[in-house]
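Asker: Below is the file data_24.cif, with mmCIF, C-alpha atoms.
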data_structure
#
loop_
_atom_site.label_atom_id
_atom_site.label_comp_id
_atom_site.auth_asym_id
_atom_site.auth_seq_id
_atom_site.Cartn_x
_atom_site.Cartn_y
_atom_site.Cartn_z
CA MET A 1 15.94 17.35 16.34
CA LEU A 2 13.96 20.31 17.62
CA ALA A 3 11.00 18.06 18.43
CA GLY A 4 13.31 15.79 20.43
CA ALA A 5 14.61 18.75 22.45
CA LEU A 6 11.05 19.93 23.15
CA LEU A 7 10.01 16.45 24.20
CA TYR A 8 13.03 16.08 26.48
CA ASP A 9 12.26 19.41 28.16
CA ALA A 10 8.56 18.54 28.58
CA VAL A 11 9.43 15.18 30.17
CA ALA A 12 11.97 16.86 32.46
CA VAL A 13 9.38 19.36 33.72
CA ARG A 14 6.75 16.60 34.20
CA THR A 15 9.17 14.54 36.27
CA GLY A 16 9.86 17.41 38.66
CA HIS A 17 13.08 18.80 37.21
CA THR A 18 13.50 22.42 36.21
CA GLY A 19 12.76 23.41 32.67
CA GLY A 20 15.37 24.73 30.27
CA GLN A 21 16.41 28.39 30.46
CA TRP A 22 14.89 29.01 27.04
CA ARG A 23 11.52 27.85 28.38
CA THR A 24 11.48 30.39 31.19
CA ASP A 25 12.64 33.13 28.78
CA VAL A 26 9.86 32.36 26.30
CA THR A 27 7.27 32.16 29.07
CA ARG A 28 8.36 35.53 30.52
CA ASP A 29 8.42 37.11 27.03
CA LEU A 30 4.93 35.85 26.19
CA ALA A 31 3.57 37.09 29.53
CA ASP A 32 4.92 40.60 28.84
CA ARG A 33 3.55 40.91 25.28
CA ARG A 34 0.04 41.88 24.27
CA VAL A 35 -2.15 39.72 22.05
CA ASP A 36 -2.10 42.25 19.19
CA ASP A 37 1.71 42.44 19.17
CA PRO A 38 3.11 41.71 15.66
CA TRP A 39 5.55 39.13 17.07
CA ALA A 40 2.77 37.20 18.81
CA LEU A 41 0.54 37.39 15.72
CA GLY A 42 3.40 36.13 13.54
CA VAL A 43 4.02 33.14 15.80
CA ALA A 44 0.29 32.37 15.88
CA GLY A 45 0.08 32.65 12.08
CA GLY A 46 3.06 30.31 11.71
CA ALA A 47 1.39 27.80 14.02
CA VAL A 48 -1.81 27.96 11.93
CA VAL A 49 0.11 27.44 8.67
CA LEU A 50 2.00 24.51 10.20
CA GLY A 51 -1.28 22.99 11.42
CA ILE A 52 -2.89 23.29 7.98
CA LEU A 53 0.19 21.74 6.36
CA LEU A 54 0.11 18.80 8.77
CA TRP A 55 -3.62 18.36 8.19
CA VAL A 56 -3.13 18.27 4.39
CA LEU A 57 -0.28 15.78 4.72
CA ALA A 58 -2.37 13.58 7.00
CA PHE A 59 -5.16 13.26 4.44
CA ALA A 60 -3.01 13.14 1.30
CA PRO A 61 -2.98 9.72 -0.39
CA GLY A 62 0.80 9.52 -0.41
CA LEU A 63 2.78 6.98 -2.39
CA ARG A 64 1.29 3.77 -1.01
CA HIS A 65 0.16 2.63 -4.46
CA TRP A 66 3.63 3.08 -5.98
CA LEU A 67 6.51 0.61 -5.83
CA PRO A 68 10.02 2.13 -5.91
CA LEU A 69 12.42 1.11 -8.66
CA ARG A 70 16.19 0.72 -8.44
CA ARG A 71 16.79 4.04 -10.19
CA PRO A 72 16.47 6.77 -7.53
CA GLY A 73 13.24 8.73 -7.79
CA ALA A 74 11.56 6.25 -10.14
CA ALA A 75 8.47 4.24 -9.25
CA VAL A 76 5.84 2.05 -10.88
CA HIS A 77 2.16 1.87 -9.95
CA ARG A 78 0.94 -1.41 -8.45
CA ALA A 79 -1.77 -1.66 -11.12
CA GLY A 80 0.97 -1.64 -13.76
CA VAL A 81 2.71 -4.58 -12.09
CA GLU A 82 -0.63 -6.40 -11.85
CA ALA A 83 -1.36 -5.82 -15.54
CA LEU A 84 2.15 -6.88 -16.59
CA ILE A 85 2.01 -10.17 -14.68
CA ALA A 86 -1.56 -10.92 -15.79
CA ALA A 87 -0.73 -10.20 -19.45
CA ARG A 88 2.30 -12.49 -19.33
CA ALA A 89 0.31 -15.25 -17.64
CA THR A 90 -2.47 -15.20 -20.23
CA GLU A 91 0.14 -15.52 -23.01
CA LEU A 92 1.34 -18.83 -21.59
CA PRO A 93 -0.05 -22.05 -23.10
CA GLY A 94 -2.64 -23.76 -20.92
CA VAL A 95 -3.55 -20.66 -18.89
CA GLU A 96 -7.20 -19.69 -19.21
CA ARG A 97 -7.37 -16.87 -16.70
CA CYS A 98 -5.14 -15.04 -14.26
CA THR A 99 -5.95 -12.58 -11.50
CA VAL A 100 -3.18 -10.63 -9.79
CA LYS A 101 -3.23 -8.60 -6.59
CA ALA A 102 -0.08 -6.56 -5.94
CA GLY A 103 0.65 -5.45 -2.39
CA ARG A 104 3.47 -3.42 -0.87
CA SER A 105 5.88 -6.34 -0.45
CA LYS A 106 4.41 -9.19 -2.49
CA ALA A 107 2.11 -10.00 -5.36
CA ARG A 108 -0.35 -12.89 -5.47
CA ALA A 109 -1.22 -14.37 -8.84
CA THR A 110 -4.02 -16.93 -9.15
CA VAL A 111 -3.74 -18.84 -12.41
CA THR A 112 -6.59 -21.00 -13.74
CA GLY A 113 -5.91 -23.57 -16.42
CA ILE A 114 -4.13 -26.79 -17.22
CA ALA A 115 -0.63 -25.30 -17.47
CA GLU A 116 2.20 -26.79 -15.42
CA PRO A 117 2.43 -24.77 -12.16
CA ALA A 118 6.25 -24.81 -12.01
CA PHE A 119 6.52 -23.50 -15.58
CA VAL A 120 3.98 -20.72 -14.93
CA GLN A 121 5.69 -19.71 -11.70
CA ARG A 122 9.12 -19.57 -13.36
CA GLU A 123 7.84 -17.47 -16.27
CA LEU A 124 5.97 -15.02 -14.04
CA ARG A 125 8.98 -14.57 -11.75
CA GLU A 126 11.19 -13.87 -14.76
CA GLU A 127 8.68 -11.26 -15.93
CA LEU A 128 8.61 -9.63 -12.51
CA ALA A 129 12.43 -9.60 -12.38
CA ARG A 130 12.44 -7.45 -15.54
CA VAL A 131 10.71 -4.64 -13.61
CA HIS A 132 13.85 -3.93 -11.46
CA LEU A 133 12.10 -3.13 -8.20
CA ALA A 134 14.26 -1.52 -5.51
CA GLY A 135 13.69 -3.93 -2.65
CA PRO A 136 12.85 -7.60 -2.31
CA TYR A 137 9.42 -8.36 -3.75
CA ARG A 138 7.77 -11.76 -3.41
CA LEU A 139 5.55 -13.38 -6.00
CA ASP A 140 3.09 -15.99 -4.75
CA VAL A 141 1.63 -18.02 -7.62
CA ARG A 142 -1.44 -20.11 -6.89
CA HIS A 143 -2.76 -22.58 -9.39
CA ARG A 144 -6.32 -23.77 -9.93
CA LEU A 145 -7.26 -26.46 -12.35
CA SER A 146 -10.01 -25.47 -14.71
CA ARG A 147 -13.28 -27.25 -14.12
CA PRO A 148 -14.61 -29.35 -16.95
CA ALA A 149 -17.55 -27.83 -18.72
CA ASP A 150 -21.01 -29.09 -17.70
CA PRO A 151 -22.48 -31.05 -20.61
CA ASP A 152 -25.97 -29.63 -19.94
CA GLY A 153 -24.68 -26.07 -19.95
CA ARG A 154 -26.04 -25.45 -16.47
CA ARG A 155 -23.99 -24.07 -13.59
CA HIS A 156 -24.01 -24.04 -9.80
CA GLY A 157 -25.72 -27.38 -9.23
CA HIS A 158 -28.88 -26.61 -11.17
CA ARG A 159 -28.54 -29.84 -13.20
CA ARG A 160 -30.23 -31.85 -10.45
CA LEU A 161 -33.17 -29.44 -10.34
CA ALA A 162 -33.46 -29.56 -14.11
CA GLN A 163 -33.55 -33.37 -14.07
CA GLU A 164 -36.25 -33.46 -11.40
CA ALA A 165 -38.45 -30.89 -13.07
CA PRO A 166 -41.27 -32.27 -15.27
CA ARG A 167 -40.77 -31.74 -18.96
#
Write out the structure in this file as structure tokens.
Answerer:
Amino acid sequence: MLAGALLYDAVAVRTGHTGGQWRTDVTRDLADRRVDDPWALGVAGGAVVLGILLWVLAFAPGLRHWLPLRRPGAAVHRAGVEALIAARATELPGVERCTVKAGRSKARATVTGIAEPAFVQRELREELARVHLAGPYRLDVRHRLSRPADPDGRRHGHRRLAQEAPR
């Protein structure tokens, strides 16, 4: 509210209108005081403390890694949601591996295996619904079929090189 009043007065002065009466009073009072006056030192000290507070808040990590729950004041860390979904996915039959990345508004789960994608998606959404997040949270489930194992035990296309090499 105070910042809005200050901004309004600054815009009024910049556009050629007269400033508020309080502005001329403060300007006259500051012109009459000395630098070592206790009132001027107190205002300067308050400005320094406010600046340090704003600086600390600017570099603080904040709550970006926390997802709010329905109960006021409660939150869960994104890594906890990731671990919960990944643990539930690996319990499902036909799922070999699952990686989960939880964002601020949605989570993306990549499931590898031969499990039915609709079944996996339904189970993971039910598990996420048990968390009781405050707002809408999307779950994007991607499915990858597992690759059949290479009979030679080689990976990344090295079978051809092994066949061409003299024995």
Asker: Between CA of Ser105 in chain A and CA of Leu145 in chain A, what is the distance in Å, rounded to a tenth?
Answerer: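 Calculated distance between CA of Ser105 in chain A and CA of Leu145 in chain A is 26.8 Å.
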Asker: Ranking A:Ala118, A:Ala79, A:Val111, A:Ala129 by minimum distance to Ser146 in chain A and counting all atoms listed in the file, which one comes first?
Answerer: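 Closest to Ser146 in chain A of all the choices is A:Val111.
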Asker: May I have the residues within 9 Å of range 123-126 of chain A as a VMD selection string, using only C-alpha atoms and disregarding those fewer than 5 positions away in the same chain?
Answerer: chain A and resid 85 to 86 88 to 89 92 109 118 138 to 139 141
Asker: Show me, as a ChimeraX atom specification, the residues that have an atom within 10 Å of Pro68 in chain A when counting only C-alpha atoms, minus same-chain residues fewer than 3 positions from it.
Answerer: /A:63,65,71-77,104,132-135
Asker: Rounded to one decimal in Å, what is the spacing between CA of Gly103 in chain A and CA of Phe119 in chain A?
Answerer: 23.1 Å
Asker: Looking at A:Val81, A:Val120, A:Leu69, A:Val56, which one is nearest to Pro93 in chain A, with distances taken over only C-alpha atoms?
Answerer: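 Of the candidates, the smallest distance to Pro93 in chain A is held by A:Val120.
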Asker: Just give me the gap between CA of Arg34 in chain A and CA of Arg14 in chain A in Å, one decimal is fine.
Answerer: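 Separation between CA of Arg34 in chain A and CA of Arg14 in chain A: 28.0 Å.
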Asker: With all atoms listed in the file as the basis for distance, which of A:Arg23, A:Ala47, A:Gly62, A:Arg122 is at the shortest distance from Leu6 in chain A?
Answerer: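 Result for the nearest residue to Leu6 in chain A: A:Arg23.
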Asker: Generate the missing atoms of range 86-97 of chain A up to all heavy atoms and report them as a PDB file, keeping the file's coordinate frame.
Answerer:
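Listing of part.pdb after writing:
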ATOM      1  N   ALA A  86      -0.362 -10.277 -15.243  1.00  0.00           N
ATOM      2  CA  ALA A  86      -1.560 -10.920 -15.790  1.00  0.00           C
ATOM      3  C   ALA A  86      -1.444 -11.088 -17.307  1.00  0.00           C
ATOM      4  O   ALA A  86      -1.840 -12.130 -17.851  1.00  0.00           O
ATOM      5  CB  ALA A  86      -2.796 -10.097 -15.450  1.00  0.00           C
ATOM      6  N   ALA A  87      -0.887 -10.098 -17.990  1.00  0.00           N
ATOM      7  CA  ALA A  87      -0.730 -10.200 -19.450  1.00  0.00           C
ATOM      8  C   ALA A  87       0.241 -11.319 -19.805  1.00  0.00           C
ATOM      9  O   ALA A  87       0.012 -12.084 -20.755  1.00  0.00           O
ATOM     10  CB  ALA A  87      -0.247  -8.880 -20.009  1.00  0.00           C
ATOM     11  N   ARG A  88       1.327 -11.415 -19.056  1.00  0.00           N
ATOM     12  CA  ARG A  88       2.300 -12.490 -19.330  1.00  0.00           C
ATOM     13  C   ARG A  88       1.701 -13.855 -19.040  1.00  0.00           C
ATOM     14  O   ARG A  88       1.937 -14.812 -19.768  1.00  0.00           O
ATOM     15  CB  ARG A  88       3.564 -12.267 -18.491  1.00  0.00           C
ATOM     16  CG  ARG A  88       4.598 -13.326 -18.673  1.00  0.00           C
ATOM     17  CD  ARG A  88       5.145 -13.330 -20.098  1.00  0.00           C
ATOM     18  NE  ARG A  88       6.115 -14.392 -20.262  1.00  0.00           N
ATOM     19  CZ  ARG A  88       6.080 -15.289 -21.230  1.00  0.00           C
ATOM     20  NH1 ARG A  88       5.137 -15.229 -22.153  1.00  0.00           N
ATOM     21  NH2 ARG A  88       6.989 -16.229 -21.299  1.00  0.00           N
ATOM     22  N   ALA A  89       0.908 -13.957 -17.996  1.00  0.00           N
ATOM     23  CA  ALA A  89       0.310 -15.250 -17.640  1.00  0.00           C
ATOM     24  C   ALA A  89      -0.678 -15.708 -18.704  1.00  0.00           C
ATOM     25  O   ALA A  89      -0.707 -16.893 -19.052  1.00  0.00           O
ATOM     26  CB  ALA A  89      -0.375 -15.160 -16.288  1.00  0.00           C
ATOM     27  N   THR A  90      -1.480 -14.808 -19.232  1.00  0.00           N
ATOM     28  CA  THR A  90      -2.470 -15.200 -20.230  1.00  0.00           C
ATOM     29  C   THR A  90      -1.827 -15.553 -21.569  1.00  0.00           C
ATOM     30  O   THR A  90      -2.459 -16.208 -22.394  1.00  0.00           O
ATOM     31  CB  THR A  90      -3.523 -14.104 -20.429  1.00  0.00           C
ATOM     32  OG1 THR A  90      -2.863 -12.877 -20.746  1.00  0.00           O
ATOM     33  CG2 THR A  90      -4.365 -13.931 -19.189  1.00  0.00           C
ATOM     34  N   GLU A  91      -0.576 -15.138 -21.796  1.00  0.00           N
ATOM     35  CA  GLU A  91       0.140 -15.520 -23.010  1.00  0.00           C
ATOM     36  C   GLU A  91       0.655 -16.952 -22.945  1.00  0.00           C
ATOM     37  O   GLU A  91       0.951 -17.543 -23.972  1.00  0.00           O
ATOM     38  CB  GLU A  91       1.331 -14.589 -23.242  1.00  0.00           C
ATOM     39  CG  GLU A  91       0.967 -13.169 -23.592  1.00  0.00           C
ATOM     40  CD  GLU A  91       2.190 -12.268 -23.650  1.00  0.00           C
ATOM     41  OE1 GLU A  91       3.313 -12.745 -23.365  1.00  0.00           O
ATOM     42  OE2 GLU A  91       2.022 -11.099 -23.977  1.00  0.00           O
ATOM     43  N   LEU A  92       0.778 -17.496 -21.752  1.00  0.00           N
ATOM     44  CA  LEU A  92       1.340 -18.830 -21.590  1.00  0.00           C
ATOM     45  C   LEU A  92       0.348 -19.898 -22.043  1.00  0.00           C
ATOM     46  O   LEU A  92      -0.864 -19.755 -21.845  1.00  0.00           O
ATOM     47  CB  LEU A  92       1.715 -19.071 -20.119  1.00  0.00           C
ATOM     48  CG  LEU A  92       2.790 -18.151 -19.553  1.00  0.00           C
ATOM     49  CD1 LEU A  92       2.967 -18.405 -18.066  1.00  0.00           C
ATOM     50  CD2 LEU A  92       4.098 -18.338 -20.290  1.00  0.00           C
ATOM     51  N   PRO A  93       0.864 -20.994 -22.651  1.00  0.00           N
ATOM     52  CA  PRO A  93      -0.050 -22.050 -23.100  1.00  0.00           C
ATOM     53  C   PRO A  93      -0.650 -22.784 -21.903  1.00  0.00           C
ATOM     54  O   PRO A  93       0.039 -23.099 -20.939  1.00  0.00           O
ATOM     55  CB  PRO A  93       0.858 -22.974 -23.917  1.00  0.00           C
ATOM     56  CG  PRO A  93       2.243 -22.690 -23.429  1.00  0.00           C
ATOM     57  CD  PRO A  93       2.251 -21.262 -22.997  1.00  0.00           C
ATOM     58  N   GLY A  94      -1.942 -23.030 -21.970  1.00  0.00           N
ATOM     59  CA  GLY A  94      -2.640 -23.760 -20.920  1.00  0.00           C
ATOM     60  C   GLY A  94      -3.212 -22.879 -19.831  1.00  0.00           C
ATOM     61  O   GLY A  94      -3.861 -23.373 -18.920  1.00  0.00           O
ATOM     62  N   VAL A  95      -3.000 -21.574 -19.896  1.00  0.00           N
ATOM     63  CA  VAL A  95      -3.550 -20.660 -18.890  1.00  0.00           C
ATOM     64  C   VAL A  95      -4.814 -20.039 -19.455  1.00  0.00           C
ATOM     65  O   VAL A  95      -4.800 -19.401 -20.506  1.00  0.00           O
ATOM     66  CB  VAL A  95      -2.522 -19.563 -18.508  1.00  0.00           C
ATOM     67  CG1 VAL A  95      -3.155 -18.551 -17.572  1.00  0.00           C
ATOM     68  CG2 VAL A  95      -1.295 -20.172 -17.866  1.00  0.00           C
ATOM     69  N   GLU A  96      -5.923 -20.245 -18.766  1.00  0.00           N
ATOM     70  CA  GLU A  96      -7.200 -19.690 -19.210  1.00  0.00           C
ATOM     71  C   GLU A  96      -7.444 -18.292 -18.645  1.00  0.00           C
ATOM     72  O   GLU A  96      -7.941 -17.412 -19.338  1.00  0.00           O
ATOM     73  CB  GLU A  96      -8.340 -20.603 -18.766  1.00  0.00           C
ATOM     74  CG  GLU A  96      -8.308 -21.965 -19.410  1.00  0.00           C
ATOM     75  CD  GLU A  96      -9.365 -22.884 -18.847  1.00  0.00           C
ATOM     76  OE1 GLU A  96     -10.237 -22.410 -18.086  1.00  0.00           O
ATOM     77  OE2 GLU A  96      -9.322 -24.081 -19.159  1.00  0.00           O
ATOM     78  N   ARG A  97      -7.077 -18.145 -17.371  1.00  0.00           N
ATOM     79  CA  ARG A  97      -7.370 -16.870 -16.700  1.00  0.00           C
ATOM     80  C   ARG A  97      -6.345 -16.642 -15.616  1.00  0.00           C
ATOM     81  O   ARG A  97      -5.809 -17.582 -15.027  1.00  0.00           O
ATOM     82  CB  ARG A  97      -8.776 -16.936 -16.105  1.00  0.00           C
ATOM     83  CG  ARG A  97      -9.267 -15.689 -15.473  1.00  0.00           C
ATOM     84  CD  ARG A  97     -10.658 -15.870 -14.965  1.00  0.00           C
ATOM     85  NE  ARG A  97     -10.838 -17.257 -14.506  1.00  0.00           N
ATOM     86  CZ  ARG A  97     -11.920 -17.718 -13.927  1.00  0.00           C
ATOM     87  NH1 ARG A  97     -12.931 -16.927 -13.728  1.00  0.00           N
ATOM     88  NH2 ARG A  97     -12.014 -18.956 -13.518  1.00  0.00           N
TER      89      ARG A  97
END
